[in-house]
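Source file: data.txt (compact mmCIF, C-alpha atoms)
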```
# COMPACT_ATOMS: atom_id res chain seq x y z
CA MET F 150 70.33 132.26 88.74
CA GLU F 151 66.64 131.49 88.83
CA ASN F 152 65.84 129.14 91.65
CA ASP F 153 62.09 129.27 91.65
CA PHE F 154 61.16 125.68 92.22
CA GLY F 155 57.80 126.18 90.58
CA ARG F 156 59.36 126.75 87.16
CA ALA F 157 61.91 123.99 87.15
CA ARG F 158 60.86 120.82 85.43
CA PRO F 159 63.26 118.22 84.07
CA ASP F 160 61.30 118.07 80.83
CA GLY F 161 61.73 121.82 80.29
CA HIS F 162 58.04 122.69 80.56
CA GLU F 163 56.63 125.40 82.78
CA GLY F 164 54.87 124.39 85.97
CA PRO F 165 55.69 122.92 89.33
CA LEU F 166 57.69 119.76 89.67
CA THR F 167 55.46 117.01 90.98
CA SER F 168 56.39 114.66 93.77
CA SER F 169 56.32 111.83 91.27
CA GLN F 170 58.87 113.59 89.04
CA ALA F 171 61.08 114.30 92.03
CA ARG F 172 60.93 110.66 93.06
CA ASP F 173 61.76 109.59 89.50
CA ALA F 174 64.82 111.85 89.49
CA LEU F 175 66.03 110.40 92.81
CA ASP F 176 65.30 106.85 91.67
CA ARG F 177 67.34 107.42 88.52
CA LEU F 178 70.27 108.51 90.66
CA GLY F 179 69.92 105.28 92.60
CA LEU F 180 70.12 103.26 89.39
CA ASP F 181 73.19 105.21 88.29
CA GLY F 182 74.80 104.53 91.66
CA ALA F 183 74.20 100.81 91.21
CA LYS F 184 75.80 100.93 87.75
CA LEU F 185 78.78 102.83 89.11
CA ALA F 186 79.19 100.32 91.93
CA GLU F 187 79.48 97.53 89.34
CA ARG F 188 82.40 99.39 87.80
CA VAL F 189 84.27 99.80 91.07
CA VAL F 190 86.27 96.63 90.69
CA THR F 191 89.46 95.85 92.53
CA PRO F 192 92.02 93.74 90.64
CA TRP F 193 93.26 90.62 92.46
CA TRP F 194 96.76 92.05 92.83
CA TYR F 195 95.77 95.34 94.41
CA HIS F 196 95.38 94.35 98.05
CA PRO F 197 98.36 91.97 98.16
CA VAL F 198 100.60 94.70 96.72
CA LEU F 199 99.19 97.33 99.07
CA GLY F 200 99.48 94.86 101.96
CA LEU F 201 103.11 94.23 101.08
CA ILE F 202 103.89 97.95 101.04
CA VAL F 203 102.15 98.50 104.38
CA ALA F 204 103.90 95.44 105.83
CA VAL F 205 107.25 96.91 104.76
CA LEU F 206 106.32 100.24 106.34
CA THR F 207 105.34 98.44 109.54
CA GLY F 208 108.39 96.22 109.68
CA ALA F 209 110.64 99.20 109.00
CA GLN F 210 109.73 100.57 112.43
CA ALA F 211 111.71 97.72 113.98
CA LEU F 212 114.85 98.26 111.89
CA PRO F 213 117.84 99.95 113.51
CA GLY F 214 119.33 103.29 112.43
CA ALA F 215 118.99 104.85 109.00
CA ALA F 216 117.66 101.63 107.44
CA SER F 217 114.31 102.35 109.06
CA PHE F 218 114.00 105.77 107.41
CA ILE F 219 115.14 104.57 103.98
CA VAL F 220 112.66 101.70 103.88
CA MET F 221 109.87 103.91 105.17
CA ALA F 222 110.59 106.52 102.50
CA LEU F 223 110.37 103.85 99.80
CA GLY F 224 107.06 102.66 101.19
CA ILE F 225 105.65 106.17 101.37
CA VAL F 226 106.53 106.71 97.69
CA ALA F 227 105.10 103.34 96.65
CA ILE F 228 101.57 103.91 97.99
CA PRO F 229 100.67 106.90 95.77
CA LEU F 230 102.26 105.12 92.81
CA LEU F 231 100.00 102.13 93.40
CA THR F 232 96.84 104.20 93.82
CA ALA F 233 97.66 106.35 90.77
CA THR F 234 98.10 103.18 88.71
CA TYR F 235 94.74 101.89 89.89
CA ASN F 236 93.05 105.23 89.18
CA ARG F 237 94.40 105.38 85.64
CA LEU F 238 93.50 101.80 84.87
CA TYR F 239 89.92 102.02 86.14
CA GLY F 240 89.08 105.71 85.78
CA ILE F 241 88.03 106.02 89.41
CA SER F 242 89.57 107.93 92.28
CA ILE F 243 88.11 107.33 95.73
CA THR F 244 89.73 108.78 98.81
CA GLN F 245 86.90 108.61 101.32
CA PRO F 246 84.36 106.03 102.46
CA ALA F 247 80.96 106.27 100.78
CA GLY F 248 78.92 105.74 103.93
CA PRO F 249 78.90 104.99 107.67
CA ARG F 250 79.79 101.28 107.43
CA GLY F 251 82.78 102.02 105.25
CA ARG F 252 83.82 104.79 107.63
CA ARG F 253 83.66 102.44 110.63
CA LEU F 254 85.62 99.78 108.76
CA SER F 255 88.30 102.25 107.68
CA HIS F 256 88.66 103.45 111.28
CA THR F 257 89.03 99.85 112.44
CA MET F 258 91.70 99.20 109.81
CA PHE F 259 93.53 102.38 110.71
CA GLY F 260 93.49 101.47 114.40
CA ALA F 261 94.80 97.98 113.69
CA LEU F 262 97.62 99.36 111.54
CA VAL F 263 98.62 101.92 114.18
CA LEU F 264 98.72 99.10 116.73
CA ALA F 265 100.94 97.03 114.40
CA MET F 266 103.33 99.94 113.85
CA LEU F 267 103.54 100.72 117.56
CA THR F 268 104.30 97.05 118.23
CA ALA F 269 107.09 97.11 115.65
CA LEU F 270 108.43 100.32 117.15
CA ALA F 271 108.41 98.70 120.59
CA VAL F 272 110.61 95.93 119.17
CA LYS F 273 113.26 98.52 118.34
CA LEU F 274 112.89 100.57 121.52
CA THR F 275 113.19 97.52 123.77
CA GLY F 276 116.29 96.26 121.99
CA THR F 277 114.60 93.05 120.87
CA ALA F 278 115.99 91.32 117.77
CA PRO F 279 114.67 93.18 114.66
CA TRP F 280 113.27 90.03 113.06
CA TRP F 281 110.49 90.12 115.67
CA GLY F 282 109.22 93.04 113.62
CA LEU F 283 108.10 90.50 111.05
CA LEU F 284 105.16 89.57 113.28
CA PRO F 285 103.44 92.99 113.27
CA ALA F 286 104.40 93.33 109.59
CA ALA F 287 102.59 90.07 108.79
CA PHE F 288 99.64 91.24 110.87
CA ALA F 289 99.50 94.51 108.88
CA PHE F 290 99.60 92.54 105.61
CA GLY F 291 96.68 90.44 106.79
CA VAL F 292 94.69 93.49 107.86
CA ILE F 293 95.05 95.08 104.42
CA VAL F 294 94.26 91.94 102.44
CA VAL F 295 91.31 90.75 104.55
CA PHE F 296 89.77 94.06 105.64
CA GLY F 297 90.65 95.78 102.37
CA ARG F 298 88.55 93.34 100.38
CA ARG F 299 85.75 93.62 102.90
CA TYR F 300 85.98 97.40 102.71
CA ASP F 301 85.60 97.30 98.93
CA ASP F 302 82.47 95.15 99.23
CA VAL F 303 80.99 97.64 101.71
CA LEU F 304 82.00 100.54 99.45
CA ARG F 305 80.23 99.00 96.47
CA GLY F 306 77.11 98.40 98.55
CA GLU F 307 77.07 101.96 99.85
CA LEU F 308 77.67 103.39 96.39
CA ALA F 309 74.79 101.34 95.02
CA ARG F 310 72.44 102.51 97.76
CA GLY F 311 73.56 106.05 98.31
CA ALA F 312 73.68 107.98 95.02
CA GLY F 313 70.62 110.09 95.80
CA GLY F 314 70.30 109.62 99.54
CA ARG F 315 71.57 111.64 102.45
CA ALA F 316 75.32 111.58 103.05
CA MET A 239 79.68 117.40 112.34
CA SER A 240 78.20 119.53 109.54
CA ALA A 241 74.59 120.62 109.56
CA PRO A 242 72.22 118.86 107.17
CA PRO A 243 71.83 120.68 103.84
CA GLY A 244 69.01 123.16 103.43
CA PRO A 245 66.73 122.42 100.51
CA ALA A 246 67.52 124.75 97.63
CA PHE A 247 66.67 124.09 94.04
CA ASN A 248 69.38 124.61 91.45
CA GLU A 249 68.38 124.80 87.81
CA VAL A 250 71.89 124.23 86.48
CA ILE A 251 72.13 120.94 88.34
CA HIS A 252 68.55 119.88 87.76
CA SER A 253 68.94 119.30 84.05
CA PRO A 254 68.54 115.49 83.91
CA VAL A 255 71.99 114.75 82.50
CA ARG A 256 73.77 117.19 84.77
CA LEU A 257 71.98 115.86 87.84
CA ARG A 258 73.10 112.33 86.92
CA ILE A 259 76.69 113.49 86.36
CA CYS A 260 76.74 115.20 89.75
CA GLY A 261 75.10 112.15 91.34
CA LEU A 262 77.93 109.92 90.10
CA LEU A 263 80.58 112.34 91.33
CA ARG A 264 78.94 112.76 94.73
CA ARG A 265 80.77 109.91 96.50
CA MET A 266 83.94 110.08 94.44
CA SER A 267 87.06 112.18 94.47
CA GLU A 268 87.36 112.08 90.69
CA LEU A 269 85.92 110.10 87.79
CA GLU A 270 87.39 109.74 84.33
CA PHE A 271 85.39 111.10 81.39
CA ALA A 272 84.97 107.71 79.67
CA LEU A 273 83.69 106.06 82.84
CA ILE A 274 81.02 108.75 83.30
CA ARG A 275 80.08 108.50 79.63
CA ASP A 276 79.76 104.72 79.70
CA THR A 277 77.97 104.54 83.05
CA LEU A 278 75.36 107.09 82.02
CA GLY A 279 75.10 105.86 78.41
CA LEU A 280 75.93 109.27 76.92
CA ASN A 281 77.93 110.25 73.88
CA ASP A 282 81.10 112.33 74.06
CA ALA A 283 79.48 115.51 72.75
CA ASN A 284 76.56 115.42 75.16
CA LEU A 285 78.78 114.77 78.16
CA SER A 286 81.27 117.46 77.11
CA LYS A 287 78.51 120.01 76.65
CA ASN A 288 77.02 119.36 80.08
CA LEU A 289 80.41 119.31 81.79
CA ARG A 290 81.15 122.68 80.25
CA VAL A 291 77.94 124.11 81.74
CA LEU A 292 78.77 122.66 85.17
CA ALA A 293 82.34 123.95 84.96
CA GLU A 294 81.19 127.44 83.97
CA ALA A 295 78.87 127.43 87.00
CA GLY A 296 81.86 126.50 89.17
CA PHE A 297 80.37 123.13 90.15
CA VAL A 298 82.99 120.81 88.63
CA THR A 299 86.64 120.90 87.71
CA VAL A 300 88.02 119.17 84.63
CA ARG A 301 91.70 118.31 84.33
CA LYS A 302 93.66 116.51 81.64
CA GLU A 303 96.35 113.97 82.32
CA SER A 304 98.58 111.99 80.00
CA SER A 305 97.95 108.29 80.05
CA PRO A 306 101.03 106.07 79.98
CA VAL A 307 98.88 102.96 80.29
CA ARG A 308 96.94 103.68 77.10
CA ALA A 309 98.44 102.51 73.84
CA ASP A 310 96.89 105.32 71.81
CA ALA A 311 98.54 107.97 74.00
CA ARG A 312 95.24 109.81 74.41
CA ARG A 313 94.88 111.88 77.51
CA LEU A 314 92.68 111.05 80.45
CA THR A 315 90.13 113.66 81.48
CA TRP A 316 89.32 113.71 85.18
CA VAL A 317 86.16 115.32 86.53
CA ALA A 318 85.49 116.27 90.15
CA LEU A 319 82.85 118.19 92.05
CA THR A 320 84.07 121.45 93.59
CA ALA A 321 83.17 122.31 97.18
CA GLU A 322 80.58 124.71 95.79
CA GLY A 323 79.21 122.03 93.50
CA ARG A 324 79.05 119.51 96.32
CA SER A 325 77.15 121.95 98.50
CA ALA A 326 74.74 122.92 95.70
CA LEU A 327 74.13 119.25 94.91
CA GLU A 328 73.35 118.36 98.52
CA ASP A 329 70.95 121.30 98.76
CA HIS A 330 69.34 120.31 95.48
CA LEU A 331 68.93 116.67 96.54
CA ALA A 332 67.39 117.85 99.79
CA ALA A 333 64.94 119.95 97.75
CA LEU A 334 64.07 116.96 95.56
CA ALA A 335 63.59 114.77 98.61
CA ARG A 336 61.26 117.32 100.15
CA ILE A 337 59.21 117.55 96.98
CA ALA A 338 59.17 113.76 96.67
CA GLU A 339 57.67 113.64 100.15
CA GLY A 340 54.94 115.97 98.98
CA SER A 341 56.14 119.26 100.48
CA PRO A 342 56.23 122.04 97.87
CA ASP A 343 57.79 124.81 100.03
CA VAL A 344 61.35 124.67 98.84
CA ALA A 345 63.61 127.69 99.03
CA GLY A 346 65.33 129.02 95.96
```
Please lay out the structure from this file as structure tokens.
Amino acid sequence: MENDFGRARPDGHEGPLTSSQARDALDRLGLDGAKLAERVVTPWWYHPVLGLIVAVLTGAQALPGAASFIVMALGIVAIPLLTATYNRLYGISITQPAGPRGRRLSHTMFGALVLAMLTALAVKLTGTAPWWGLLPAAFAFGVIVVFGRRYDDVLRGELARGAGGRA
Amino acid sequence: MSAPPGPAFNEVIHSPVRLRICGLLRRMSELEFALIRDTLGLNDANLSKNLRVLAEAGFVTVRKESSPVRADARRLTWVALTAEGRSALEDHLAALARIAEGSPDVAG
């Protein structure tokens, strides 16, 4: 493949690409990123449903015996079903943050959810009544609904800014 | 942590439409054909032609999926950058950035 920069012009003519043309190409990517960000919409039901599934997964840690594994298995199946439904409806599949703010927020959410699950597990291991597991489950629901919406706002912002910039 | 990309121009990617397609896919796992078409304001034939070029270069993958949520039973077409495509795009963007800053010494 010919990679001589001097011959590559977006308009197909011979001659070196000018700095102005390079800037135009990068600017156009920025505009496309902004348009794409407008299309990354999250339906109102998405985070409550995801929050409910995660809450069930969290609360399941506190359940005794086989009930814990059965409920967890259902939750683990439900998450990919939910994301696949979203992907098909909106034509978008995103599995990673689009920038540093989103990455930090996703790490914070992950840490909060691990804490909730460990708390629920402690309920079972200490022999406390299982219904105390509802507290970390409710916390996990709140984390998903509140931080999930915030995460989507950050994602849209980083998509709009980052189409042509450094990763 | 990965090293920053080295500037390297890529003529397959630099075609205006193909650069914009790759730019959209850059932060995404996959995008559906219709969403790319509508976001970039292209027609089906133009997008298909450019995706074929990118796929033949090994820069994107295209997969079909049935669509139970669509009444017309048409299939969804998902497009994703390959690892090679992602790397080539980052190198190409680095080359563009260098040229935009006024430095013409970009490796091929």
Counting all atoms listed in the file, which residues from chain A have an atom at most 6 Å from any atom of chain F, and could you show them as a PDB file with C-alpha atoms, keeping the file's coordinate frame?
```pdb
ATOM      1  CA  PHE A 247      66.670 124.090  94.040  1.00  0.00           C
ATOM      2  CA  ASN A 248      69.380 124.610  91.450  1.00  0.00           C
ATOM      3  CA  SER A 253      68.940 119.300  84.050  1.00  0.00           C
ATOM      4  CA  PRO A 254      68.540 115.490  83.910  1.00  0.00           C
ATOM      5  CA  GLY A 261      75.100 112.150  91.340  1.00  0.00           C
ATOM      6  CA  ARG A 265      80.770 109.910  96.500  1.00  0.00           C
ATOM      7  CA  MET A 266      83.940 110.080  94.440  1.00  0.00           C
ATOM      8  CA  SER A 267      87.060 112.180  94.470  1.00  0.00           C
ATOM      9  CA  GLU A 268      87.360 112.080  90.690  1.00  0.00           C
ATOM     10  CA  LEU A 269      85.920 110.100  87.790  1.00  0.00           C
ATOM     11  CA  GLU A 270      87.390 109.740  84.330  1.00  0.00           C
ATOM     12  CA  LEU A 334      64.070 116.960  95.560  1.00  0.00           C
ATOM     13  CA  ILE A 337      59.210 117.550  96.980  1.00  0.00           C
ATOM     14  CA  ALA A 338      59.170 113.760  96.670  1.00  0.00           C
ATOM     15  CA  GLY A 340      54.940 115.970  98.980  1.00  0.00           C
ATOM     16  CA  GLY A 346      65.330 129.020  95.960  1.00  0.00           C
TER      17      GLY A 346
END
```
10 Å contact set for Arg298 (chain F), all atoms listed in the file, chain neighbours under 3 positions out, as an mmCIF file with C-alpha atoms, in the frame of the given file:
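Final file, selection31.cif:
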```
data_model
loop_
_atom_site.group_PDB
_atom_site.id
_atom_site.type_symbol
_atom_site.label_atom_id
_atom_site.label_comp_id
_atom_site.auth_asym_id
_atom_site.auth_seq_id
_atom_site.Cartn_x
_atom_site.Cartn_y
_atom_site.Cartn_z
ATOM 1 C CA THR F 191 89.460 95.850 92.530
ATOM 2 C CA TRP F 193 93.260 90.620 92.460
ATOM 3 C CA TYR F 195 95.770 95.340 94.410
ATOM 4 C CA HIS F 196 95.380 94.350 98.050
ATOM 5 C CA VAL F 292 94.690 93.490 107.860
ATOM 6 C CA ILE F 293 95.050 95.080 104.420
ATOM 7 C CA VAL F 294 94.260 91.940 102.440
ATOM 8 C CA VAL F 295 91.310 90.750 104.550
ATOM 9 C CA ASP F 301 85.600 97.300 98.930
ATOM 10 C CA ASP F 302 82.470 95.150 99.230
ATOM 11 C CA VAL F 303 80.990 97.640 101.710
ATOM 12 C CA LEU F 304 82.000 100.540 99.450
#
```
Quick one: what's the axis-aligned box for region 275-278 of chain A, all listed atoms, 5 Å on every side, centre and edges in Å to one decimal, as lines of an AutoDock Vina configuration file?
```
center_x = 77.7
center_y = 106.5
center_z = 81.3
size_x = 14.7
size_y = 14.0
size_z = 13.4
```
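Of note, CA of Ala293 (chain A) and CA of Leu230 (chain F) are spaced 28.5 Å apart.
Between CA of Ala246 (chain A) and CA of His330 (chain A) the separation is 5.3 Å.
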(request) Go through A:Ala283, A:Leu263, A:Arg275, A:Arg258 one by one, measure the shortest atom-to-atom distance of each to Thr299 (chain A) using only C-alpha atoms, and give the residue with the smallest value. (result) A:Leu263
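The spacing separating CA of Val198 (chain F) from CA of Gly224 (chain F) amounts to 11.2 Å.
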